[in-house]
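**Q** Next up is a structure, given as structure tokens.
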Amino acid sequence: MFDSLSDRLQGIFSGLKSKGRLTEQDIDSAMREIRMALLEADVNFKVVKSFIRSAKERCLTAEVMDSLTPAQNVIKVVLDELTRLLGENDAKLTLSSRIPNVIMLVGLQGSGKTTAAAKLAYLLKGKGHSPLLVACDVYRPAAADQLQTLGDEMGVKVYRGDGQDPVKIASEGVRFAIDNLRDVVIVDTAGRLHVDEDMMAEAEAIKEAVTPDEILMVVDAMTGQDVVNVAQAFAERVEFDGVIMSKMDGDARGGGALSLKQVTGKPIKFISAGEKPDSLEEFHPDRMAKRILGMGDVISFIETASKIRADEIEAETAERMQRAQLNLNDFLEMKKQVKKMGGVSKLISALPGGDKAMASGQVDESALDRMETIIFSMTKKEREHPDILNGSRRARIARGAGVTVQDVNQVMKQYNETKKMMRKMMPAMEAMEGGRGKK
Ligand code: GDP
């Protein structure tokens, strides 16, 4: 998703950066190129028009043109404008104090609704809720079975009812949640191939019966700009609160995501990118905009990292990590966690320019395994006190691991850099911990 837009924009900016001072013509031609890139990414033409107008106006101010780093400021303007297109402020799921909260999912058949329902339940479960999934798609054969399978996989109870009346099943589901102390009910409704009268009438009836706190429309990112039309048609009949955009892992050009908010007024609240239970994420416009511009998404990465339960990390390692006093055993432990987070590739792609590095094959996944072999070739004392690793010890370790001394030096360099980085990150981590505590 966004790959080719991202490449195009980064190409345009590297051209600008090589120029130093910028003239009005430079801005004009950059804006023309950005306009083309957005149109080719399938962004709604009216959205593109207002984007370019606003970006150009801001770029031609003295503040940008006369600054010492005009190209950087142009990039900042484009970043702001992209963030605005994607929805600006984070649109959060609003849960009320009512128990149970009811979330209703609507959308066309095949949009990924059933999958999203289950993944949303999983996400809420991870936040300490006890969700209930309610299967109201009585038309698509096997829809309830699919939800049941997903629910079982994610450890979430599914209410199926036994009749053919979706409105009744929804109401019974809420009653079941009350009786069984579930605090969030997620209602999966039936989709149709197109937005039609039957689907609308049924969605309205379910809405009336269970008065959802939140209605989310699931749209398929692969349908491009058409998601805007579907969402608009839907909103005319059944007012909904936000969008779950599915299949963000596909090669969609991104036009739908970039047009949706401005055209329909509905924010993207979640994105789904894959088949795994944890592949539904809260959507953050600012982080996505940074990703598109190749600035990385370190915050999301840190969040993934912090999802790893503290008790999964060796207690002693955790303690030494907190004091930024790692030894090489801790380094091995950290490596294990990196694998759990999806490997080096995922880690690198969260960093600025990381997606490019991945694409150009600069990332060597096997480096982690080599590092492990090298550390395993050290004595216990060497692992606990890496400072004693002099030249002759390093030569012995290299022989034992079947690598060169440079490889050993490389691991030591990485280890020292990690230690340094952890020391630098300490204040930020502590601030994050403090922030969390306050919620
Ligand atoms: P529904 O008809 O709207 O309930 O759609 P489903 O939940 O059955 O999804 C339709 C198809 O899309 C299924 O094959 C899902 O596995 C697939 N799917 C759903 N979400 C995603 C996603 O985020 N990424 C990918 N790659 N596939 C998805």
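Each chain in the structure tokens gets a letter, A, B, ..., in the order shown, and its residues are numbered from 1; ligands are numbered from 1 in order too.
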Collect all residues with atoms no farther than 6 Å from ligand 1, counting only C-alpha atoms and all ligand atoms, and output them as an MDAnalysis selection string.
**A** chainID A and resid 108:115 246:249 272:275
**Q** Can you list, as a PyMOL selection string, every protein, DNA or RNA residue that comes within 12 Å of A:Leu332 when you count only C-alpha atoms, leaving out same-chain residues fewer than 3 positions away?
**A** chain A and resi 313-314+317+326-329+335-339+368-376+383-384+411+415
**Q** Can you write out the residues you just picked, keeping C-alpha atoms, as a CSV table (one decimal), in the first residue's frame?
**A**
chain,number,residue,atom,x,y,z
A,313,ILE,CA,11.5,-11.2,28.9
A,314,GLU,CA,13.9,-12.8,31.3
A,317,THR,CA,17.5,-9.0,31.3
A,326,LEU,CA,23.3,-5.0,29.0
A,327,ASN,CA,25.6,-7.9,28.7
A,328,LEU,CA,25.7,-10.3,25.8
A,329,ASN,CA,23.2,-12.8,27.3
A,335,LYS,CA,17.3,-11.0,19.6
A,336,LYS,CA,14.7,-13.6,20.6
A,337,GLN,CA,12.2,-10.8,21.1
A,338,VAL,CA,13.1,-9.2,17.8
A,339,LYS,CA,12.2,-12.5,16.1
A,368,LEU,CA,20.6,-12.4,13.6
A,369,ASP,CA,21.5,-16.1,13.3
A,370,ARG,CA,25.2,-15.3,12.8
A,371,MET,CA,25.1,-13.1,15.8
A,372,GLU,CA,23.7,-15.9,17.9
A,373,THR,CA,26.4,-18.4,16.7
A,374,ILE,CA,29.1,-15.9,17.6
A,375,ILE,CA,27.7,-15.2,21.1
A,376,PHE,CA,27.3,-19.0,21.7
A,383,ARG,CA,29.1,-13.1,27.7
A,384,GLU,CA,28.6,-11.6,31.2
A,411,VAL,CA,28.5,-8.0,16.7
A,415,TYR,CA,26.1,-4.5,21.1
**Q** Go through stretch 90-197 of chain A and flag each residue having an atom no more than 10 Å from stretch 242-245 of chain A; for those, report the closest pair of atoms plus their distance in Å to one decimal, using only C-alpha atoms, ordered by chain and rising number, as a tab-separated table.
**A**
residue	atom	partner	partner_atom	distance
A:Ala91	CA	A:Gly242	CA	8.0
A:Lys92	CA	A:Gly242	CA	9.1
A:Leu93	CA	A:Gly242	CA	8.5
A:Leu105	CA	A:Ile244	CA	9.0
A:Val106	CA	A:Val243	CA	9.5
A:Gly107	CA	A:Val243	CA	9.6
A:Ser111	CA	A:Met245	CA	8.8
A:Gly112	CA	A:Met245	CA	8.8
A:Lys113	CA	A:Ile244	CA	8.7
A:Ala116	CA	A:Ile244	CA	7.8
A:Ala117	CA	A:Ile244	CA	9.9
A:Leu120	CA	A:Ile244	CA	9.7
**Q** Can you spit out the residues from that selection as a short mmCIF file (atom, residue, chain, number, x, y, z; two decimals), in the first residue's frame, using C-alpha atoms?
**A**
data_model
loop_
_atom_site.label_atom_id
_atom_site.label_comp_id
_atom_site.auth_asym_id
_atom_site.auth_seq_id
_atom_site.Cartn_x
_atom_site.Cartn_y
_atom_site.Cartn_z
CA ALA A 91 -10.03 9.02 15.49
CA LYS A 92 -10.52 6.69 18.38
CA LEU A 93 -13.15 4.10 18.99
CA LEU A 105 -19.97 -3.53 11.65
CA VAL A 106 -21.42 -2.91 8.22
CA GLY A 107 -20.00 -3.22 4.73
CA SER A 111 -14.95 -6.29 2.30
CA GLY A 112 -13.39 -8.15 5.22
CA LYS A 113 -16.14 -7.49 7.72
CA ALA A 116 -12.38 -7.41 11.03
CA ALA A 117 -15.08 -8.21 13.61
CA LEU A 120 -11.46 -6.07 16.65
#
**Q** Please, which residues of stretch 154-279 of chain A, numbered as in this document, come out strand (DSSP E or B) from DSSP, as an NGL selection string?
**A** :A and (157-159 or 184-188 or 214-220 or 242-246 or 268-272)
**Q** Report, in Å to a single decimal, how far apart atom CA of A:Leu216 and atom CA of A:Asp278 are.
**A** 18.4 Å
**Q** Near A:His129, counting only C-alpha atoms, which residues have an atom at most 8 Å away, once you skip same-chain residues fewer than 6 positions from it, shown as a ChimeraX atom specification?
**A** /A:182-184
**Q** Export C-alpha atoms of the chosen residues as a compact mmCIF listing (two decimals), in the first residue's frame?
**A**
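And here's part-v7.txt as it stands now:
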# COMPACT_ATOMS: atom_id res chain seq x y z
CA ARG A 182 -19.46 -9.37 28.46
CA ASP A 183 -18.71 -5.66 28.27
CA VAL A 184 -18.49 -5.15 24.48
**Q** Enumerate the residues of stretch 15-249 of chain A with a DSSP assignment of alpha helix (DSSP H), computed from the backbone, and present them as an MDAnalysis selection string.
**A** chainID A and resid 15:17 24:40 45:59 62:65 70:86 113:126 143:154 166:179 197:210 226:237
**Q** Taking into account only C-alpha atoms, which residue in the set A:Glu81, A:Glu33, A:Asp198, A:Asp407 is nearest to A:Ala367?
**A**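 The shortest atom-to-atom distance to A:Ala367 comes from A:Asp407.
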**Q** At a cut-off of 9 Å, using only C-alpha atoms, what residues contact A:Gly151? Leave out same-chain residues fewer than 2 positions from it and give the result as a CSV table (one decimal) with C-alpha atoms, in the first residue's frame.
**A**
chain,number,residue,atom,x,y,z
A,118,ALA,CA,-13.0,-11.0,15.0
A,119,LYS,CA,-9.8,-9.0,15.0
A,121,ALA,CA,-12.6,-8.4,19.4
A,122,TYR,CA,-9.1,-9.7,19.7
A,132,LEU,CA,-18.8,-11.1,22.5
A,133,LEU,CA,-19.1,-11.6,18.8
A,146,GLN,CA,-16.4,-18.5,9.7
A,147,LEU,CA,-17.0,-16.1,12.7
A,148,GLN,CA,-17.1,-19.1,15.0
A,149,THR,CA,-13.8,-20.4,13.7
A,153,GLU,CA,-8.9,-19.0,17.3
A,154,MET,CA,-8.9,-15.7,19.2
A,155,GLY,CA,-10.5,-17.0,22.3
A,156,VAL,CA,-13.6,-14.9,22.0
A,157,LYS,CA,-17.1,-16.2,22.5
A,158,VAL,CA,-19.5,-16.1,19.5
**Q** Find the spatial neighbours of stretch 229-240 of chain A, counting only C-alpha atoms, within a cut-off of 10 Å - ignore same-chain residues fewer than 4 positions away - and output them as a ChimeraX atom specification.
**A** /A:104-108,194-197,199-201,203-204,207,212,214-219,223,225,256,260,263-266
**Q** Selected residues, N, CA and C atoms, written as an mmCIF file, in the first residue's frame, please.
**A**
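Final output, again_21.cif:
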data_model
loop_
_atom_site.group_PDB
_atom_site.id
_atom_site.type_symbol
_atom_site.label_atom_id
_atom_site.label_comp_id
_atom_site.auth_asym_id
_atom_site.auth_seq_id
_atom_site.Cartn_x
_atom_site.Cartn_y
_atom_site.Cartn_z
ATOM 1 N N MET A 104 -21.299 -2.021 15.917
ATOM 2 C CA MET A 104 -21.920 -2.723 14.784
ATOM 3 C C MET A 104 -21.041 -2.535 13.555
ATOM 4 N N LEU A 105 -20.778 -3.628 12.861
ATOM 5 C CA LEU A 105 -19.972 -3.528 11.647
ATOM 6 C C LEU A 105 -20.853 -3.708 10.421
ATOM 7 N N VAL A 106 -20.673 -2.814 9.463
ATOM 8 C CA VAL A 106 -21.425 -2.914 8.220
ATOM 9 C C VAL A 106 -20.433 -2.879 7.060
ATOM 10 N N GLY A 107 -20.899 -3.280 5.891
ATOM 11 C CA GLY A 107 -19.998 -3.223 4.734
ATOM 12 C C GLY A 107 -20.435 -4.199 3.671
ATOM 13 N N LEU A 108 -19.854 -4.058 2.496
ATOM 14 C CA LEU A 108 -20.205 -4.952 1.392
ATOM 15 C C LEU A 108 -19.648 -6.342 1.627
ATOM 16 N N HIS A 194 -23.703 -5.043 -3.578
ATOM 17 C CA HIS A 194 -23.755 -3.586 -3.771
ATOM 18 C C HIS A 194 -24.566 -2.996 -2.629
ATOM 19 N N VAL A 195 -24.414 -1.690 -2.459
ATOM 20 C CA VAL A 195 -25.247 -1.024 -1.460
ATOM 21 C C VAL A 195 -26.671 -1.056 -2.008
ATOM 22 N N ASP A 196 -27.565 -1.802 -1.388
ATOM 23 C CA ASP A 196 -28.935 -1.846 -1.903
ATOM 24 C C ASP A 196 -29.948 -1.644 -0.774
ATOM 25 N N GLU A 197 -31.181 -1.548 -1.174
ATOM 26 C CA GLU A 197 -32.260 -1.221 -0.253
ATOM 27 C C GLU A 197 -32.370 -2.238 0.895
ATOM 28 N N MET A 199 -30.136 -4.204 2.181
ATOM 29 C CA MET A 199 -29.029 -4.108 3.131
ATOM 30 C C MET A 199 -29.213 -2.902 4.060
ATOM 31 N N MET A 200 -29.621 -1.793 3.458
ATOM 32 C CA MET A 200 -29.825 -0.576 4.249
ATOM 33 C C MET A 200 -30.936 -0.771 5.280
ATOM 34 N N ALA A 201 -32.052 -1.365 4.795
ATOM 35 C CA ALA A 201 -33.203 -1.539 5.675
ATOM 36 C C ALA A 201 -32.813 -2.429 6.851
ATOM 37 N N ALA A 203 -29.757 -2.959 8.065
ATOM 38 C CA ALA A 203 -28.812 -2.254 8.944
ATOM 39 C C ALA A 203 -29.566 -1.269 9.844
ATOM 40 N N GLU A 204 -30.542 -0.584 9.233
ATOM 41 C CA GLU A 204 -31.336 0.371 10.033
ATOM 42 C C GLU A 204 -32.094 -0.333 11.155
ATOM 43 N N LYS A 207 -29.771 -1.397 13.849
ATOM 44 C CA LYS A 207 -29.351 -0.185 14.564
ATOM 45 C C LYS A 207 -30.425 0.228 15.576
ATOM 46 N N PRO A 212 -26.381 0.957 18.669
ATOM 47 C CA PRO A 212 -24.928 0.809 18.826
ATOM 48 C C PRO A 212 -24.265 2.102 19.314
ATOM 49 N N GLU A 214 -21.278 2.618 18.477
ATOM 50 C CA GLU A 214 -20.342 2.903 17.398
ATOM 51 C C GLU A 214 -20.722 2.031 16.198
ATOM 52 N N ILE A 215 -20.892 2.655 15.041
ATOM 53 C CA ILE A 215 -21.111 1.866 13.818
ATOM 54 C C ILE A 215 -19.894 2.078 12.930
ATOM 55 N N LEU A 216 -19.239 0.995 12.582
ATOM 56 C CA LEU A 216 -18.046 1.101 11.744
ATOM 57 C C LEU A 216 -18.297 0.440 10.403
ATOM 58 N N MET A 217 -17.897 1.125 9.363
ATOM 59 C CA MET A 217 -18.054 0.540 8.039
ATOM 60 C C MET A 217 -16.716 -0.065 7.613
ATOM 61 N N VAL A 218 -16.762 -1.307 7.165
ATOM 62 C CA VAL A 218 -15.530 -1.944 6.701
ATOM 63 C C VAL A 218 -15.427 -1.756 5.195
ATOM 64 N N VAL A 219 -14.327 -1.188 4.738
ATOM 65 C CA VAL A 219 -14.133 -1.019 3.295
ATOM 66 C C VAL A 219 -12.806 -1.652 2.885
ATOM 67 N N THR A 223 -10.318 -1.683 -3.363
ATOM 68 C CA THR A 223 -11.295 -1.129 -4.301
ATOM 69 C C THR A 223 -10.996 0.336 -4.616
ATOM 70 N N GLN A 225 -10.536 4.230 -5.065
ATOM 71 C CA GLN A 225 -11.397 5.385 -4.837
ATOM 72 C C GLN A 225 -12.873 5.034 -4.680
ATOM 73 N N GLY A 256 -8.060 5.501 -1.966
ATOM 74 C CA GLY A 256 -9.257 5.444 -1.124
ATOM 75 C C GLY A 256 -8.975 6.032 0.244
ATOM 76 N N LEU A 260 -10.968 9.454 1.471
ATOM 77 C CA LEU A 260 -12.151 9.150 2.269
ATOM 78 C C LEU A 260 -12.616 10.271 3.207
ATOM 79 N N VAL A 263 -13.849 13.569 1.446
ATOM 80 C CA VAL A 263 -15.080 13.460 0.663
ATOM 81 C C VAL A 263 -16.277 13.075 1.528
ATOM 82 N N THR A 264 -16.083 12.139 2.446
ATOM 83 C CA THR A 264 -17.254 11.651 3.195
ATOM 84 C C THR A 264 -17.342 12.227 4.611
ATOM 85 N N GLY A 265 -16.250 12.790 5.089
ATOM 86 C CA GLY A 265 -16.240 13.309 6.458
ATOM 87 C C GLY A 265 -16.043 12.211 7.498
ATOM 88 N N LYS A 266 -15.928 10.957 7.037
ATOM 89 C CA LYS A 266 -15.775 9.851 7.989
ATOM 90 C C LYS A 266 -14.310 9.483 8.165
#
**Q** Grab the atom CA of A:Gln406 to atom CA of A:Thr379 distance for me, in Å with one decimal place.
**A**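 Atom CA of A:Gln406 sits 18.9 Å away from atom CA of A:Thr379.
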